[in-house]
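I have placed the structure first, in the form of structure tokens, so that the comments after it can refer back to it.
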Amino acid sequence: MLNKNLKEIISSGNISLGIEFGSTRIKAVLTAVGAKVIAESSYNWENKLIDGIFTYDLEEVWIGLRRCYEDIAKYVKHEYGIEIKNISSIGFSAMMHGYLVFDKQGDLLVPFRTWRNTITEQSAQLLSQCFKFNIPQRWSIAHLYQSILNKENHIANIDFLTTLAGYVHWKVTGEKVIGIGDASGIFPIDETTLDYNDKMVEQFNELAEDEGFNVSLKNILPKVLLAGQSGGRLTKEGALLIDPTGMLQEGILVCPPEGDAGTGMVATNSITPKTGNISAGTSIFAMIVLEKKLTKYYSEIDMVTTPVGHPVAMVHCNTCTSDIDAWVKIFYEFAKQADNSINVSDVYKLLYQSALNGKFDCGGLTSVNYFSGEPVVKINDGIPLFIRKPDDEFNLSNFMRTHIYSSFATVKIGLDLLFNDQEIKINKLLGHGGLFKIENIAQQMLASSLNTPVEVTNSASEGGAWGIAILAEYLSHKEQNQSLEEYLNKKIFADTNSIVCYPNQEETEGFNIFLERYKKTLQVENFAVKLI
């Protein structure tokens with residue numbers, strides 16, 4: 001787009017803004033129609049472990065949001081000489097699940113409990129048994145019921161329960177609503193009514209009442225909305241929360257808030273049956289959009305939905321790149337002492353390229369990358385672990401390949417249940433996230449490990465903030481009765497380029513050898529967690 005055209009577009013307000021609160025970054029993306037990126041910004045943050053709970057300070061939510069918007073506004077002013085006043089539509093997304101509860105005055109009752117906590121095993125098991133439906137530990141309903149079982153003092157004062165995206169949306173619009181994809185990580189969704197499952201709501205109310213909790217569940221949950229429905233408009237107070245200068249105007253359309261799983265599906269155009277995507281960053285999760293129901297429920301697989309309500313089988317693992325990042329930091333510290341001009345991106349590239357020369361079975365080396373518990377393999381806490389025998393081939397190439405393999409080994413264990421037990425077929429997986437920043441390396445290894453082609457598009461690095469910007473644009477620019485699928489295919493991804501990596505049979509065989517060692521090493525991991 002020419003500068004002149006962009007000036008006119010920005011001046012007219014024919015733009016959309018997407019903001020996503022991820023695990024390590026808050027990111028904002030400003031787009032023109034067709035999801036063409038005009039500007040983007042980010043703010044780094046991280047969870048804190050306080051009294052055994054992974055949490056974020058909600059004040060930092062607003063600090064990060066304002067910083068991101070301020071940076072975008074400054075960029076637009078500098079590049080185009082324009083003050084942003086009007087925006088067609090805005091969307092908010094965030095890491096799914098977790099526990100945010102408020103009283104009638106809107107005050108937070110307990111610190112935000114994030115998806116990363118594995119403190120709800122009792123409630124997750126009881127609810128799964130009752131519903132005959134897998135309720136993972138990180139789901140909001142598992143946190144609520146665990147709080148009830150624990151007889152926590154705040155329970156009697158709960159007036160509203162929501163996710164992080166739902167919280168931000170509520171504060172800037174006054175609307176207690178949630179996108180159906182994010183809602184599906186709060187409580188099971190009925191794929192017929194596209195709302196919380198009424199039968200399970202009744203079952204929960206009975207269980208909770210037995211424990212002395214007499215509030216009807218639906219009265220404290222946000223209203224479920226589909227992509228394309230209005231989530232309300234930006235209030236005057238909400239506009240000031242984003243832009244304290246007062247330049248941003250109230251009344252802007254806001255799309256339903258969504259979770260990072262939903263925005264990842266949108267950002268990779270993986271929302272129709274028989275498509276799938278795999279997001280690999282701080283955590284890793286694979287999403288397979290189903291043609292039909294699974295024949296049974298698995299504790300390793302979550303059932304969620306696309307932003308329009310199609311059922312999705314999700315394999316979610318709490319840790320992906322964290323251990324790789326920790327090792328890269330060590331190598332970077334050493335490299336800086338040898339050559340002060342080297343930067344961390346160079347170190348990543350060198351180490352990943354080294355992994356290409358590693359043996360397909362990693363020469364006998366094994367790494368378990370867990371920074372926290374992994375319910376898929378029923379381990380309740382995390383201790384990163386590296387193991388080798390004295391006669392294993394211990395060199396840099398095998399070492400790095402081992403850590404890349406480890407980053408997606410657990411998700412492979414979960415996906416095998418879908419591909420082998422349920423005989424689900426997909427043509428390829430769309431990959432996105434930090435693991436794929438260095439082209440073709442982790443992508444190729446993942447394709448071989450899953451024995452499935454993995455495609456990474458030239459837009460994959462845009463991520464969830466871009467995905468929620470698309471959902472915001474869809475709300476304000478869709479044609480009458482135009483489906484989200486049609487909009488994505490015609491308006492967003494018509495000219496997308498991509499790289500597809502196909503399985504290498506020798507590499508697949510080597511990974512399978514590694515995976516068998518990995519599964520045995522999980523016994524050591526479990527023992528280490530209990531002992532240390």
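Starting from 1 in every chain, residues are counted up; chains themselves are A, B, ... following the order of the structure tokens, and ligands are numbered from 1 as listed.
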
message: List the spatial neighbours of Thr263 (chain A) as number ranges by chain - criterion: any atom at most 6 Å away, only C-alpha atoms, same-chain residues fewer than 4 positions off excluded.
response: A: 267, 464, 467-468

Restrict the calculation to only C-alpha atoms, then for each residue of region 228-295 of chain A with any atom at most 6 Å from an atom of region 163-184 of chain A give the closest atom pair and their distance in Å to one decimal, rows by chain and rising residue number, as a Markdown table.
```
| residue | atom | partner | partner_atom | distance |
| --- | --- | --- | --- | --- |
| A:Arg233 | CA | A:Thr173 | CA | 5.6 |
| A:Leu234 | CA | A:Thr173 | CA | 4.8 |
| A:Thr235 | CA | A:Thr173 | CA | 5.3 |
| A:Gly238 | CA | A:Val172 | CA | 3.6 |
| A:Pro256 | CA | A:Gly179 | CA | 4.8 |
| A:Pro257 | CA | A:Gly179 | CA | 5.2 |
| A:Glu258 | CA | A:Asp182 | CA | 5.0 |
| A:Gly259 | CA | A:Asp182 | CA | 4.5 |
| A:Gly262 | CA | A:Gly181 | CA | 5.6 |
```

I need the chosen residues saved as an mmCIF file, in the first residue's frame, with C-alpha atoms.
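See again-v3.cif below for the written result:
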```cif
data_model
loop_
_atom_site.group_PDB
_atom_site.id
_atom_site.type_symbol
_atom_site.label_atom_id
_atom_site.label_comp_id
_atom_site.auth_asym_id
_atom_site.auth_seq_id
_atom_site.Cartn_x
_atom_site.Cartn_y
_atom_site.Cartn_z
ATOM 1 C CA ARG A 233 -18.860 -0.719 21.988
ATOM 2 C CA LEU A 234 -15.943 1.042 23.600
ATOM 3 C CA THR A 235 -17.132 3.245 26.466
ATOM 4 C CA GLY A 238 -12.770 2.164 28.261
ATOM 5 C CA PRO A 256 -16.303 -10.934 21.183
ATOM 6 C CA PRO A 257 -13.132 -11.548 23.245
ATOM 7 C CA GLU A 258 -11.368 -14.756 22.272
ATOM 8 C CA GLY A 259 -8.736 -17.110 23.617
ATOM 9 C CA GLY A 262 -9.200 -19.401 18.667
#
```

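The space between CA of Gln444 (chain A) and CA of Asn504 (chain A) spans 8.1 Å.
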
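A straight line drawn from CA of Asp71 (chain A) to CA of Leu248 (chain A) is 13.8 Å long.
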
- request: Excluding Trp45 (chain A) and any residue of its chain fewer than 3 positions from it, enumerate the residues within 9 Å of it, using only C-alpha atoms, and give them as a ChimeraX atom specification.
  value: /A:22-26,56,60,64

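The smallest atom-to-atom distance between Ser93 (chain A) and any of A:Ala465, A:Leu49, A:Ala142, A:Ala286, using only C-alpha atoms, is found for A:Ala465.
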
Which residues of region 68-112 of chain A sit at most 9 Å from region 10-17 of chain A, using only C-alpha atoms? Give each one's shortest atom pair and distance in Å (one decimal place), in chain and ascending residue order, as CSV.
```
residue,atom,partner,partner_atom,distance
A:Val76,CA,A:Ile10,CA,8.6
A:Tyr80,CA,A:Ile10,CA,8.7
A:Ile82,CA,A:Ser11,CA,7.0
A:Glu83,CA,A:Ser11,CA,8.1
A:Ile84,CA,A:Ile10,CA,7.2
A:Lys85,CA,A:Gly13,CA,7.4
A:Asn86,CA,A:Gly13,CA,4.7
A:Ile87,CA,A:Gly13,CA,4.6
A:Ser88,CA,A:Asn14,CA,5.5
A:Ser89,CA,A:Ser16,CA,5.0
A:Ile90,CA,A:Leu17,CA,4.7
A:Gly91,CA,A:Leu17,CA,6.4
A:Phe92,CA,A:Leu17,CA,8.7
```

Could you write those residues out with N, CA and C atoms, as a tab-separated table (two decimals), in the first residue's frame?
```tsv
chain	number	residue	atom	x	y	z
A	76	VAL	N	2.31	5.69	14.09
A	76	VAL	CA	1.42	6.24	13.06
A	76	VAL	C	1.62	7.75	12.92
A	80	TYR	N	2.97	8.77	9.37
A	80	TYR	CA	1.90	9.29	8.51
A	80	TYR	C	1.40	10.67	8.92
A	82	ILE	N	-0.50	11.47	11.42
A	82	ILE	CA	-1.92	11.40	11.77
A	82	ILE	C	-2.09	10.95	13.22
A	83	GLU	N	-3.01	11.59	13.93
A	83	GLU	CA	-3.42	11.14	15.25
A	83	GLU	C	-4.55	10.14	15.09
A	84	ILE	N	-4.42	8.95	15.71
A	84	ILE	CA	-5.51	7.97	15.63
A	84	ILE	C	-6.65	8.43	16.54
A	85	LYS	N	-7.83	8.61	15.94
A	85	LYS	CA	-9.00	8.99	16.73
A	85	LYS	C	-10.10	7.93	16.64
A	86	ASN	N	-10.34	7.50	15.40
A	86	ASN	CA	-11.40	6.51	15.18
A	86	ASN	C	-10.83	5.22	14.63
A	87	ILE	N	-11.40	4.13	15.07
A	87	ILE	CA	-11.05	2.79	14.61
A	87	ILE	C	-12.36	2.06	14.33
A	88	SER	N	-12.42	1.34	13.23
A	88	SER	CA	-13.67	0.64	12.91
A	88	SER	C	-14.04	-0.39	13.96
A	89	SER	N	-13.03	-1.15	14.41
A	89	SER	CA	-13.33	-2.24	15.34
A	89	SER	C	-12.07	-2.65	16.09
A	90	ILE	N	-12.28	-3.15	17.29
A	90	ILE	CA	-11.20	-3.59	18.17
A	90	ILE	C	-11.52	-5.00	18.67
A	91	GLY	N	-10.49	-5.78	18.93
A	91	GLY	CA	-10.68	-7.09	19.53
A	91	GLY	C	-9.62	-7.37	20.57
A	92	PHE	N	-10.01	-8.12	21.61
A	92	PHE	CA	-9.09	-8.50	22.68
A	92	PHE	C	-9.03	-10.01	22.78
```

Sorted per-residue table, region 185-295 of chain A near region 475-485 of chain A, closest atoms and distance, 9 Å, only C-alpha atoms, as a Markdown table:
```
| residue | atom | partner | partner_atom | distance |
| --- | --- | --- | --- | --- |
| A:Ala227 | CA | A:Leu475 | CA | 7.3 |
| A:Gly228 | CA | A:Leu475 | CA | 4.5 |
| A:Gln229 | CA | A:Leu475 | CA | 6.6 |
| A:Ser230 | CA | A:Leu475 | CA | 6.9 |
| A:Leu253 | CA | A:Ser476 | CA | 7.4 |
| A:Val254 | CA | A:Leu475 | CA | 8.2 |
| A:Cys255 | CA | A:Leu475 | CA | 6.3 |
| A:Asn269 | CA | A:Glu485 | CA | 8.0 |
| A:Ile271 | CA | A:Glu485 | CA | 7.1 |
| A:Thr272 | CA | A:Glu485 | CA | 7.2 |
```

I need the residues from that last selection saved to file as a short mmCIF file (atom, residue, chain, number, x, y, z; two decimals), in the first residue's frame (with N, CA and C atoms), if you can.
```cif
data_model
loop_
_atom_site.label_atom_id
_atom_site.label_comp_id
_atom_site.auth_asym_id
_atom_site.auth_seq_id
_atom_site.Cartn_x
_atom_site.Cartn_y
_atom_site.Cartn_z
N ALA A 227 -18.26 -15.48 16.55
CA ALA A 227 -17.55 -14.53 15.70
C ALA A 227 -18.54 -13.85 14.76
N GLY A 228 -18.41 -12.55 14.61
CA GLY A 228 -19.33 -11.79 13.77
C GLY A 228 -20.44 -11.11 14.53
N GLN A 229 -20.69 -11.56 15.77
CA GLN A 229 -21.68 -10.89 16.61
C GLN A 229 -21.00 -9.74 17.36
N SER A 230 -21.76 -8.71 17.65
CA SER A 230 -21.20 -7.56 18.36
C SER A 230 -20.97 -7.88 19.82
N LEU A 253 -16.79 -0.28 17.70
CA LEU A 253 -17.26 -1.66 17.79
C LEU A 253 -16.17 -2.56 18.37
N VAL A 254 -16.57 -3.49 19.24
CA VAL A 254 -15.62 -4.44 19.82
C VAL A 254 -16.15 -5.85 19.58
N CYS A 255 -15.33 -6.70 18.98
CA CYS A 255 -15.77 -8.08 18.70
C CYS A 255 -15.72 -8.91 19.97
N ASN A 269 -5.87 -19.85 9.36
CA ASN A 269 -6.98 -20.28 8.50
C ASN A 269 -7.29 -21.76 8.70
N ILE A 271 -10.04 -23.30 10.53
CA ILE A 271 -11.30 -23.31 11.29
C ILE A 271 -12.36 -24.21 10.66
N THR A 272 -12.04 -24.90 9.57
CA THR A 272 -13.01 -25.79 8.94
C THR A 272 -12.66 -27.24 9.28
#
```

field: Leu30 (chain A) environment, 9 Å, only C-alpha atoms, sequence neighbours closer than 4 positions dropped, as an MDAnalysis selection string
entry: chainID A and resid 15:19 35:40 72 466 469

field: Those of region 95-270 of chain A in DSSP strand (DSSP E), formatted as a ChimeraX atom specification
entry: /A:100-102,160-162,177-179,189-190,195-196,223-225,253-254,258-259

Suppose we keep N, CA and C atoms; can you now write the selection as a PDB file, in the first residue's frame?
```
ATOM      1  N   LEU A 100     -10.482 -15.855  37.134  1.00  0.00           N
ATOM      2  CA  LEU A 100     -10.638 -14.464  37.535  1.00  0.00           C
ATOM      3  C   LEU A 100     -12.055 -14.299  38.069  1.00  0.00           C
ATOM      4  N   VAL A 101     -12.191 -14.008  39.356  1.00  0.00           N
ATOM      5  CA  VAL A 101     -13.525 -13.877  39.958  1.00  0.00           C
ATOM      6  C   VAL A 101     -13.641 -12.530  40.676  1.00  0.00           C
ATOM      7  N   PHE A 102     -14.837 -11.952  40.574  1.00  0.00           N
ATOM      8  CA  PHE A 102     -15.083 -10.609  41.086  1.00  0.00           C
ATOM      9  C   PHE A 102     -16.371 -10.590  41.909  1.00  0.00           C
ATOM     10  N   PHE A 160     -19.077 -12.715  39.411  1.00  0.00           N
ATOM     11  CA  PHE A 160     -18.709 -12.827  37.995  1.00  0.00           C
ATOM     12  C   PHE A 160     -17.403 -13.598  37.883  1.00  0.00           C
ATOM     13  N   LEU A 161     -17.381 -14.577  36.969  1.00  0.00           N
ATOM     14  CA  LEU A 161     -16.192 -15.366  36.663  1.00  0.00           C
ATOM     15  C   LEU A 161     -15.895 -15.213  35.181  1.00  0.00           C
ATOM     16  N   THR A 162     -14.647 -14.934  34.848  1.00  0.00           N
ATOM     17  CA  THR A 162     -14.309 -14.781  33.440  1.00  0.00           C
ATOM     18  C   THR A 162     -12.838 -15.121  33.198  1.00  0.00           C
ATOM     19  N   VAL A 177     -19.378 -10.567  28.328  1.00  0.00           N
ATOM     20  CA  VAL A 177     -19.565 -11.517  27.231  1.00  0.00           C
ATOM     21  C   VAL A 177     -18.246 -12.224  26.957  1.00  0.00           C
ATOM     22  N   ILE A 178     -18.321 -13.268  26.137  1.00  0.00           N
ATOM     23  CA  ILE A 178     -17.119 -14.045  25.808  1.00  0.00           C
ATOM     24  C   ILE A 178     -17.325 -14.721  24.454  1.00  0.00           C
ATOM     25  N   GLY A 179     -16.268 -14.801  23.644  1.00  0.00           N
ATOM     26  CA  GLY A 179     -16.338 -15.558  22.402  1.00  0.00           C
ATOM     27  C   GLY A 179     -16.445 -17.046  22.686  1.00  0.00           C
ATOM     28  N   ILE A 189     -19.203 -26.753  25.965  1.00  0.00           N
ATOM     29  CA  ILE A 189     -20.164 -26.128  25.054  1.00  0.00           C
ATOM     30  C   ILE A 189     -21.018 -27.210  24.388  1.00  0.00           C
ATOM     31  N   ASP A 190     -22.301 -26.933  24.248  1.00  0.00           N
ATOM     32  CA  ASP A 190     -23.212 -27.788  23.496  1.00  0.00           C
ATOM     33  C   ASP A 190     -23.125 -27.373  22.035  1.00  0.00           C
ATOM     34  N   ASP A 195     -23.936 -22.890  23.158  1.00  0.00           N
ATOM     35  CA  ASP A 195     -23.939 -22.226  24.462  1.00  0.00           C
ATOM     36  C   ASP A 195     -23.415 -23.235  25.480  1.00  0.00           C
ATOM     37  N   TYR A 196     -23.259 -22.803  26.731  1.00  0.00           N
ATOM     38  CA  TYR A 196     -22.845 -23.743  27.771  1.00  0.00           C
ATOM     39  C   TYR A 196     -23.815 -24.920  27.804  1.00  0.00           C
ATOM     40  N   LYS A 223     -21.806 -14.154  28.931  1.00  0.00           N
ATOM     41  CA  LYS A 223     -22.675 -14.600  27.835  1.00  0.00           C
ATOM     42  C   LYS A 223     -21.826 -15.036  26.645  1.00  0.00           C
ATOM     43  N   VAL A 224     -22.211 -16.142  26.017  1.00  0.00           N
ATOM     44  CA  VAL A 224     -21.454 -16.696  24.897  1.00  0.00           C
ATOM     45  C   VAL A 224     -21.872 -16.029  23.583  1.00  0.00           C
ATOM     46  N   LEU A 225     -20.877 -15.588  22.794  1.00  0.00           N
ATOM     47  CA  LEU A 225     -21.126 -14.989  21.489  1.00  0.00           C
ATOM     48  C   LEU A 225     -20.293 -15.686  20.417  1.00  0.00           C
ATOM     49  N   LEU A 253     -16.792  -0.281  17.695  1.00  0.00           N
ATOM     50  CA  LEU A 253     -17.261  -1.664  17.788  1.00  0.00           C
ATOM     51  C   LEU A 253     -16.168  -2.560  18.370  1.00  0.00           C
ATOM     52  N   VAL A 254     -16.567  -3.490  19.243  1.00  0.00           N
ATOM     53  CA  VAL A 254     -15.615  -4.441  19.821  1.00  0.00           C
ATOM     54  C   VAL A 254     -16.153  -5.850  19.579  1.00  0.00           C
ATOM     55  N   GLU A 258     -11.680 -13.359  22.586  1.00  0.00           N
ATOM     56  CA  GLU A 258     -11.368 -14.756  22.272  1.00  0.00           C
ATOM     57  C   GLU A 258     -10.092 -15.215  22.975  1.00  0.00           C
ATOM     58  N   GLY A 259      -9.941 -16.514  23.056  1.00  0.00           N
ATOM     59  CA  GLY A 259      -8.736 -17.110  23.617  1.00  0.00           C
ATOM     60  C   GLY A 259      -7.663 -17.264  22.559  1.00  0.00           C
TER      61      GLY A 259
END
```

- line: From the list A:Met247, A:Ala528, A:Val304, A:Ala442, the nearest residue to Phe386 (chain A) using only C-alpha atoms is A:Ala528
